[in-house]
$ cat data02.cif   # mmCIF, C-alpha atoms and all ligand atoms
data_protein
loop_
_atom_site.label_atom_id
_atom_site.label_comp_id
_atom_site.auth_asym_id
_atom_site.auth_seq_id
_atom_site.Cartn_x
_atom_site.Cartn_y
_atom_site.Cartn_z
CA MET F 1 61.84 -3.95 58.58
CA ARG F 2 59.59 -4.92 55.73
CA LYS F 3 61.82 -7.83 54.86
CA ILE F 4 61.99 -9.00 58.45
CA PHE F 5 58.23 -8.86 58.67
CA ALA F 6 57.92 -10.80 55.44
CA LEU F 7 60.29 -13.45 56.69
CA VAL F 8 58.44 -13.74 59.98
CA CYS F 9 55.27 -14.26 58.02
CA VAL F 10 56.85 -16.85 55.78
CA ALA F 11 58.25 -18.67 58.79
CA ILE F 12 54.89 -18.72 60.47
CA ALA F 13 53.12 -19.71 57.28
CA LEU F 14 55.53 -22.60 56.88
CA CYS F 15 54.96 -23.48 60.50
CA THR F 16 51.23 -23.64 59.91
CA TYR F 17 51.38 -26.73 57.78
CA THR F 18 54.22 -28.61 59.35
CA SER F 19 54.41 -29.80 62.90
CA CYS F 20 53.98 -26.62 64.91
CA LYS F 21 51.52 -26.59 67.74
CA SER F 22 47.99 -25.38 67.40
CA LYS F 23 46.42 -24.90 70.76
CA ASN F 24 42.98 -24.23 69.30
CA ASN F 25 41.85 -27.75 68.70
CA ASP F 26 38.20 -27.33 69.52
CA PRO F 27 36.49 -26.34 67.33
CA LYS F 28 38.67 -27.20 64.34
CA PRO F 29 39.52 -24.27 62.08
CA GLY F 30 37.54 -24.01 58.91
CA ILE F 31 34.83 -26.54 59.70
CA GLU F 32 31.60 -25.00 58.50
CA THR F 33 28.28 -25.16 60.28
CA PRO F 34 24.88 -24.76 58.57
CA ALA F 35 24.29 -21.33 60.09
CA LYS F 36 26.74 -18.47 60.36
CA SER F 37 28.84 -18.56 63.51
CA GLN F 38 28.85 -15.65 65.90
CA LEU F 39 32.43 -14.62 66.70
CA GLY F 40 31.67 -11.81 69.11
CA THR F 41 29.56 -8.80 69.89
CA ALA F 42 30.19 -5.33 71.27
CA SER F 43 28.15 -2.22 71.92
CA THR F 44 28.70 1.48 71.32
CA THR F 45 26.56 4.37 72.53
CA ASP F 46 24.06 3.83 69.75
CA TYR F 47 24.69 0.39 68.26
CA ILE F 48 25.01 -3.31 69.00
CA ILE F 49 27.60 -4.76 66.62
CA THR F 50 27.88 -8.51 66.05
CA LEU F 51 30.54 -10.24 63.98
CA TYR F 52 29.91 -13.55 62.17
CA ALA F 53 31.83 -15.98 59.96
CA ASP F 54 31.07 -19.19 58.07
CA THR F 55 33.06 -21.19 60.61
CA PRO F 56 33.12 -21.06 64.44
CA LEU F 57 36.89 -20.67 64.37
CA LEU F 58 38.62 -18.48 61.81
CA PHE F 59 41.65 -19.92 60.05
CA THR F 60 44.79 -18.83 58.23
CA GLY F 61 43.64 -17.94 54.73
CA TYR F 62 40.51 -16.41 53.23
CA ASN F 63 37.54 -16.02 55.62
CA ARG F 64 34.23 -14.35 54.78
CA LEU F 65 33.07 -12.04 57.56
CA TYR F 66 29.66 -10.58 58.31
CA VAL F 67 28.60 -7.69 60.53
CA LYS F 68 25.12 -7.21 61.95
CA VAL F 69 24.28 -3.70 63.13
CA GLN F 70 21.38 -3.09 65.49
CA ASP F 71 20.29 0.12 67.15
CA ALA F 72 19.54 0.35 70.87
CA THR F 73 16.01 -1.02 70.33
CA GLY F 74 17.40 -4.08 68.52
CA ALA F 75 16.23 -2.98 65.07
CA VAL F 76 18.63 -4.09 62.33
CA SER F 77 20.21 -1.24 60.40
CA SER F 78 20.84 -1.36 56.66
CA THR F 79 21.88 2.26 56.18
CA ALA F 80 24.78 2.65 58.59
CA ASN F 81 28.26 3.49 57.38
CA VAL F 82 30.17 0.34 58.41
CA SER F 83 33.83 -0.57 58.01
CA ILE F 84 36.12 -3.30 59.33
CA HIS F 85 39.85 -3.38 59.99
CA PRO F 86 41.68 -6.53 61.15
CA LEU F 87 44.59 -5.97 63.50
CA MET F 88 47.10 -8.28 65.18
CA GLU F 89 48.88 -7.03 68.25
CA MET F 90 52.19 -8.79 68.69
CA SER F 91 54.58 -8.22 71.56
CA THR F 92 56.77 -5.80 69.62
CA MET F 93 54.47 -4.40 66.94
CA SER F 94 51.05 -4.53 65.41
CA HIS F 95 50.05 -5.27 61.84
CA SER F 96 47.02 -5.86 59.70
CA THR F 97 46.35 -8.48 57.01
CA PRO F 98 44.73 -8.41 53.56
CA TYR F 99 40.99 -7.76 53.85
CA GLU F 100 37.96 -6.80 51.81
CA GLN F 101 35.88 -3.95 53.15
CA VAL F 102 32.27 -4.79 54.07
CA SER F 103 29.23 -3.69 52.07
CA TYR F 104 25.55 -4.16 52.81
CA ASP F 105 23.95 -7.32 51.43
CA ALA F 106 20.15 -6.99 51.28
CA ALA F 107 19.71 -10.75 50.89
CA THR F 108 21.11 -11.46 54.36
CA GLY F 109 20.65 -8.12 56.12
CA LEU F 110 24.35 -8.24 56.98
CA TYR F 111 27.37 -6.20 55.95
CA SER F 112 29.70 -8.71 54.36
CA GLY F 113 33.43 -8.62 53.65
CA ALA F 114 36.45 -10.87 54.14
CA ALA F 115 39.88 -11.15 55.71
CA VAL F 116 42.86 -13.20 54.55
CA PHE F 117 44.65 -14.03 57.80
CA ILE F 118 48.38 -14.41 57.25
CA MET F 119 49.12 -15.94 60.63
CA PRO F 120 47.29 -17.77 63.39
CA THR F 121 46.69 -16.55 66.90
CA ALA F 122 49.66 -17.43 69.12
CA ASP F 123 50.51 -17.06 72.79
CA ASP F 124 51.37 -13.35 72.72
CA ASP F 125 49.86 -12.50 69.36
CA ALA F 126 46.15 -11.74 69.34
CA TRP F 127 43.86 -10.80 66.46
CA LYS F 128 41.01 -8.36 66.78
CA MET F 129 38.50 -6.99 64.31
CA GLU F 130 37.92 -3.29 64.59
CA VAL F 131 34.41 -2.42 63.42
CA THR F 132 33.32 1.19 62.95
CA VAL F 133 29.64 2.09 62.64
CA ASN F 134 28.84 5.72 61.84
CA GLY F 135 32.10 6.79 63.46
CA GLN F 136 31.68 4.63 66.59
CA LYS F 137 34.41 2.02 66.85
CA VAL F 138 34.60 -1.29 68.71
CA ALA F 139 37.27 -3.98 68.75
CA ILE F 140 36.07 -7.59 68.79
CA PRO F 141 38.74 -10.17 69.69
CA VAL F 142 38.86 -13.12 67.30
CA THR F 143 40.82 -16.35 67.33
CA VAL F 144 42.51 -17.59 64.17
CA GLY F 145 43.50 -21.25 63.95
CA THR F 146 45.67 -23.01 61.43
CA PHE F 147 43.85 -24.67 58.57
CA PRO F 148 44.85 -28.36 58.23
CA THR F 149 46.07 -27.98 54.64
CA LYS F 150 47.96 -25.16 52.95
CA VAL F 151 45.15 -22.89 51.71
CA ILE F 152 47.37 -19.79 51.75
CA SER F 153 50.76 -19.27 50.15
CA ILE F 154 53.02 -16.47 51.37
CA SER F 155 56.23 -16.23 49.41
CA MET F 156 58.84 -13.90 48.01
CA GLY F 157 58.52 -13.15 44.31
CA SER F 158 61.30 -12.74 41.75
CA ASP F 159 60.90 -8.95 42.24
CA ASN F 160 61.59 -9.25 45.99
CA THR F 161 57.97 -8.47 46.78
CA THR F 162 56.10 -10.77 49.16
CA TYR F 163 52.92 -12.17 47.60
CA ILE F 164 49.95 -13.73 49.35
CA VAL F 165 47.91 -16.20 47.31
CA SER F 166 44.83 -17.56 49.02
CA LEU F 167 42.14 -20.12 48.17
CA LEU F 168 38.46 -19.27 48.63
CA ARG F 169 37.33 -22.53 50.13
CA PRO F 170 34.00 -23.77 48.80
CA ALA F 171 31.63 -25.52 51.22
CA THR F 172 32.34 -28.82 49.45
CA TRP F 173 34.46 -30.23 46.65
CA LYS F 174 33.27 -32.96 44.33
CA VAL F 175 34.90 -35.45 42.00
CA GLY F 176 34.84 -33.86 38.53
CA MET F 177 34.84 -30.20 37.54
CA ASN F 178 34.76 -27.62 40.33
CA ASP F 179 34.79 -23.85 40.33
CA VAL F 180 37.99 -22.63 41.95
CA GLU F 181 38.79 -19.12 43.13
CA PHE F 182 41.86 -17.42 44.57
CA THR F 183 42.90 -13.99 45.77
CA VAL F 184 46.32 -12.39 45.29
CA HIS F 185 47.68 -9.60 47.48
CA LYS F 186 51.11 -8.18 48.11
CA ILE F 187 52.70 -6.82 51.27
CA THR F 188 53.46 -3.12 50.89
CA ASP F 189 53.99 -2.56 54.60
CA MET F 190 52.57 -3.89 57.84
CA MET F 191 49.25 -2.13 57.35
CA ASN F 192 48.83 -2.25 53.58
CA PHE F 193 48.20 -5.35 51.50
CA PRO F 194 46.83 -4.25 48.13
CA ALA F 195 44.85 -6.68 45.99
CA LEU F 196 46.49 -7.40 42.63
CA ASP F 197 44.60 -7.69 39.34
CA ASN F 198 45.68 -8.63 35.83
CA LEU F 199 48.24 -11.23 36.80
CA THR F 200 48.48 -14.44 34.81
CA ILE F 201 48.05 -17.63 36.82
CA GLU F 202 48.94 -20.98 35.31
CA MET F 203 47.30 -23.70 37.39
CA THR F 204 48.46 -27.32 37.27
CA PRO F 205 46.71 -29.77 39.62
CA GLU F 206 48.67 -32.78 40.86
CA MET F 207 47.94 -35.68 43.17
CA PRO F 208 51.25 -35.85 45.04
CA SER F 209 50.60 -39.27 46.60
CA MET F 210 49.91 -40.87 43.22
CA GLY F 211 52.01 -38.74 40.89
CA HIS F 212 49.36 -37.83 38.34
CA GLY F 213 47.48 -34.73 37.30
CA SER F 214 44.14 -34.19 35.59
CA PRO F 215 42.96 -32.94 32.18
CA ASN F 216 40.76 -30.03 31.10
CA ASN F 217 41.52 -27.63 33.93
CA ILE F 218 40.91 -23.93 33.30
CA SER F 219 43.54 -21.65 34.80
CA PRO F 220 42.06 -18.87 36.94
CA VAL F 221 41.69 -15.43 35.32
CA SER F 222 41.45 -11.99 36.91
CA THR F 223 37.89 -10.95 37.81
CA GLY F 224 38.76 -7.79 39.77
CA LYS F 225 39.43 -6.89 43.41
CA GLY F 226 42.33 -9.33 43.47
CA HIS F 227 40.12 -12.33 42.66
CA TYR F 228 40.88 -15.03 40.07
CA LYS F 229 38.39 -17.66 38.93
CA GLY F 230 38.92 -20.90 37.04
CA LYS F 231 37.93 -24.56 37.01
CA VAL F 232 39.71 -27.54 38.53
CA ASN F 233 39.11 -31.15 37.60
CA TYR F 234 39.50 -33.62 40.46
CA THR F 235 39.45 -37.04 38.87
CA MET F 236 39.25 -38.75 42.27
CA THR F 237 39.05 -37.93 45.98
CA GLY F 238 42.23 -37.59 48.01
CA ASP F 239 45.12 -35.17 48.25
CA TRP F 240 45.42 -32.54 45.51
CA ARG F 241 48.06 -29.89 45.08
CA LEU F 242 47.24 -26.91 42.86
CA HIS F 243 50.51 -25.61 41.46
CA LEU F 244 50.18 -21.91 40.66
CA LYS F 245 52.72 -20.15 38.46
CA VAL F 246 52.09 -16.42 38.69
CA SER F 247 53.31 -13.89 36.12
CA ASP F 248 52.82 -10.15 35.76
CA ALA F 249 51.25 -8.40 32.75
CA SER F 250 54.61 -8.22 30.95
CA GLY F 251 55.08 -11.97 31.24
CA THR F 252 57.73 -11.91 33.97
CA VAL F 253 57.33 -14.90 36.28
CA LEU F 254 56.82 -13.59 39.82
CA LEU F 255 56.12 -16.86 41.58
CA GLN F 256 57.31 -20.14 40.13
CA ASP F 257 55.01 -22.27 42.30
CA ALA F 258 52.68 -20.74 44.90
CA PHE F 259 50.97 -24.05 45.54
CA ILE F 260 47.78 -24.73 47.48
CA ASP F 261 46.94 -28.11 49.07
CA ILE F 262 43.49 -29.64 49.21
CA LEU F 263 42.24 -32.84 50.82
CA PHE F 264 38.72 -34.18 50.34
CU CU Z 1 51.27 -11.38 63.52
#
$ encode --input "data02.cif" --output "structure tokens"
Amino acid sequence: MRKIFALVCVAIALCTYTSCKSKNNDPKPGIETPAKSQLGTASTTDYIITLYADTPLLFTGYNRLYVKVQDATGAVSSTANVSIHPLMEMSTMSHSTPYEQVSYDAATGLYSGAAVFIMPTADDDAWKMEVTVNGQKVAIPVTVGTFPTKVISISMGSDNTTYIVSLLRPATWKVGMNDVEFTVHKITDMMNFPALDNLTIEMTPEMPSMGHGSPNNISPVSTGKGHYKGKVNYTMTGDWRLHLKVSDASGTVLLQDAFIDILF
């Protein structure tokens, strides 16, 4: 079952950057707006719960998520016990996706976390975000579109484990040195996608259309919670492919090339 699920995911992930349909053309996935975008709101007996993201439409890959909690009078709460849980209900089963639990951020007054969506919304497959505030749970439907370039890589490793490597998209890229950040998770089962630390990632940028790379890149290193940070040097604008060779702590190569595609 696990393997079937993994293969379904791989098939859909492949589908996301080839010619498969995306019926969610407006707004485009991943296009950021100056303010946070409200994805939905729901009420419990005691709370009004509103879910936000950086983009009006979520996309396959890493999305930051924000939860605002208000009491019945509209006062914003900073002390509630808040958790999120993404869930996709497909015709024959349901599953989750890698996510980062929310925590309160005093700077914004929001509880912030993230989800790495492994597949887009499809005809019979709907995503929802379960949000629980002090034991009171709501489910807010969300739509996930397909990002125009491959910002998530789902592939089988040499140890027959399925790995999910995802790019944290910055608001903008620039010509020259850029900070670059990824997450790595694995699929344990349909509900569990643990973050993986202490892997070695060898990053090699390439411009596929022109057949050259760039110098002075710094391969991403583990910074905890499944995150890896490095620096990428884009010597010009255009199409860039970040080749990522992923090895475990003993040096065994798990993924020969979990590449990510960028266009700017
Ligand atoms: Cu699904």
$ residues_around --input "data02.cif" --residues "Gln38 in chain F" --least-positions-apart "5" --cutoff "8 Å" --atoms "all atoms listed in the file" --output "VMD selection string"
chain F and resid 50 to 53 56
$ residues_near_ligand --input "data02.cif" --ligand "ligand CU 1 (chain Z)" --cutoff "7 Å" --atoms "only C-alpha atoms and all ligand atoms" --output "ChimeraX atom specification"
/F:88-90,95,119,125
$ write_last_selection --input "data02.cif" --atoms "C-alpha atoms" --output "PDB file, keeping the file's coordinate frame"
ATOM      1  CA  MET F  88      47.100  -8.280  65.180  1.00  0.00           C
ATOM      2  CA  GLU F  89      48.880  -7.030  68.250  1.00  0.00           C
ATOM      3  CA  MET F  90      52.190  -8.790  68.690  1.00  0.00           C
ATOM      4  CA  HIS F  95      50.050  -5.270  61.840  1.00  0.00           C
ATOM      5  CA  MET F 119      49.120 -15.940  60.630  1.00  0.00           C
ATOM      6  CA  ASP F 125      49.860 -12.500  69.360  1.00  0.00           C
TER       7      ASP F 125
END
$ residues_around --input "data02.cif" --residues "Leu39 in chain F" --least-positions-apart "4" --cutoff "12 Å" --atoms "all atoms listed in the file" --output "VMD selection string"
chain F and resid 49 to 58 65 to 68 128 to 129 139 to 144
$ atom_distance --input "data02.cif" --atom1 "CA of Thr223 in chain F" --atom2 "CA of Thr235 in chain F"
26.2 Å
$ closest_residue --input "data02.cif" --among "F:Ile118, F:Asp179, F:Glu202, F:Asp124" --to "Thr92 in chain F" --atoms "all atoms listed in the file"
F:Asp124
$ atom_distance --input "data02.cif" --atom1 "CA of Ser103 in chain F" --atom2 "CA of Ile154 in chain F"
27.0 Å
$ residues_around --input "data02.cif" --residues "Arg241 in chain F" --least-positions-apart "4" --cutoff "9 Å" --atoms "all atoms listed in the file" --output "ChimeraX atom specification"
/F:204-208,259-263
$ atom_distance --input "data02.cif" --atom1 "CA of Ser78 in chain F" --atom2 "CA of Met191 in chain F"
28.4 Å
$ closest_residue --input "data02.cif" --among "F:Asp197, F:His227, F:Trp240, F:Leu254" --to "Thr161 in chain F" --atoms "all atoms listed in the file"
F:Leu254
$ decode --input "data02.cif" --residues "range 172-183 of chain F" --atoms "C-alpha atoms" --output "compact mmCIF listing (two decimals), in the first residue's frame"
# COMPACT_ATOMS: atom_id res chain seq x y z
CA THR F 172 12.22 37.33 -5.40
CA TRP F 173 15.44 36.00 -6.89
CA LYS F 174 18.23 38.24 -8.11
CA VAL F 175 21.20 37.88 -10.41
CA GLY F 176 24.18 37.06 -8.18
CA MET F 177 24.29 35.31 -4.82
CA ASN F 178 20.98 34.28 -3.26
CA ASP F 179 20.10 32.50 -0.05
CA VAL F 180 18.51 29.17 -0.88
CA GLU F 181 16.61 26.86 1.45
CA PHE F 182 15.08 23.41 1.14
CA THR F 183 13.20 20.94 3.30
